[in-house]
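Working notes, structure below.
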Amino acid sequence: MSEDMEKDIITLEFEDGEDVECEIMGIFEVGEKEYIALIPDDDSDDVYIYGYKEADGEEFGEIIDIEDEAEFEAAVKAFDEIMASEEGEGCGCGNEGCGCGSC
C-alpha cells in the first residue's frame, strides 16, 4: 500500500466496552471465504485477522469473529504468505523469490 494513499480506518468495539481504531491493511481470500487484516492504532506490532463479508450499499462490510481454530490458522498462514511475497521473501511455495502467489 502506498504511503500517499488515504488510510481506511474503522473502530472495533470489543465486548468489554473498549473501542480500538484500526487501519484496514487489506482484504484477502482463502478458499471461498474472505478475511480482513486490521492494524490497531495502539503502537503495537499486532495485526488482527477477522472473517469479512461484503455488505451491499455499505462502505465497509461485516467483520466476523473466526471461532474455528483451524480456519483461523489457515487465514493467518495465508496472510503471512501474502506479506512475505509483498516483502520479496517469496510466496511460501518453496521457490524462494518466485512471487507466484498461488500457494
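Residues in the C-alpha cells are named by chain (A, B, ... in the order shown) and by number from 1 within that chain; ligands are numbered from 1 in the order shown.
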
- prompt: Leaving out Phe28 of chain A and any residue of its chain fewer than 4 positions from it, which residues lie within 9 Å of it when counting only C-alpha atoms, given as a count of residues only?
  reply: 10

So that each row is one residue of segment 50-91 of chain A with an atom at most 12 Å from segment 19-24 of chain A, can you give its shortest atom pair and the distance in Å to one decimal, using only C-alpha atoms, rows by chain and rising number, as a tab-separated table?
residue	atom	partner	partner_atom	distance
A:Tyr50	CA	A:Ile24	CA	11.1
A:Tyr52	CA	A:Ile24	CA	11.6
A:Phe60	CA	A:Ile24	CA	10.1
A:Gly61	CA	A:Ile24	CA	11.8
A:Ile63	CA	A:Ile24	CA	11.4

query: How far is it from atom CA of Glu86 of chain A to atom CA of Glu58 of chain A, in Å with one decimal?
result: 28.7 Å

query: Which value, in Å to one decimal, gives the distance between atom CA of Glu6 of chain A and atom CA of Val47 of chain A?
result: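 Atom CA of Val47 of chain A lies 19.0 Å from atom CA of Glu6 of chain A.
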
- request: Give the answer as one residue: which of A:Asp80, A:Asp41, A:Asp65, A:Asp46 has the shortest atom-to-atom distance to Phe14 of chain A, using only C-alpha atoms?
  value: A:Asp65

- prompt: With distances taken over only C-alpha atoms, which of A:Val76, A:Ile64, A:Asp8, A:Lys53 is nearest to Glu32 of chain A?
  reply: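 Under the stated criterion, the closest residue is A:Lys53.
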
Taking the backbone alone, and naming residues the way the document does, which bits of segment 25-78 of chain A are helix (DSSP H, G or I) by DSSP, as a PDB file with C-alpha atoms, in the first residue's frame?
ATOM      1  CA  GLU A  69      -9.105 -22.619  15.286  1.00  0.00           C
ATOM      2  CA  ALA A  70      -8.186 -24.452  12.056  1.00  0.00           C
ATOM      3  CA  GLU A  71      -9.893 -21.767   9.959  1.00  0.00           C
ATOM      4  CA  PHE A  72      -8.087 -19.040  11.911  1.00  0.00           C
ATOM      5  CA  GLU A  73      -4.725 -20.768  11.445  1.00  0.00           C
ATOM      6  CA  ALA A  74      -5.369 -21.103   7.686  1.00  0.00           C
ATOM      7  CA  ALA A  75      -6.235 -17.395   7.450  1.00  0.00           C
ATOM      8  CA  VAL A  76      -3.106 -16.388   9.383  1.00  0.00           C
ATOM      9  CA  LYS A  77      -0.931 -18.652   7.220  1.00  0.00           C
ATOM     10  CA  ALA A  78      -2.369 -17.116   4.033  1.00  0.00           C
TER      11      ALA A  78
END

- line: atom CA of Pro40 of chain A sits from atom CA of Asp16 of chain A at a separation of 16.4 Å

query: Of the candidates A:Asp45, A:Asp68, A:Glu62, A:Gly51, which one gets nearest to Val30 of chain A if we count only C-alpha atoms?
result: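 Closest candidate: A:Gly51.
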
field: Pick from A:Ile9, A:Ile39, A:Met25, A:Ala84 nearest to Glu59 of chain A, counting only C-alpha atoms
entry: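 For Glu59 of chain A, the nearest of the candidates is A:Ile9.
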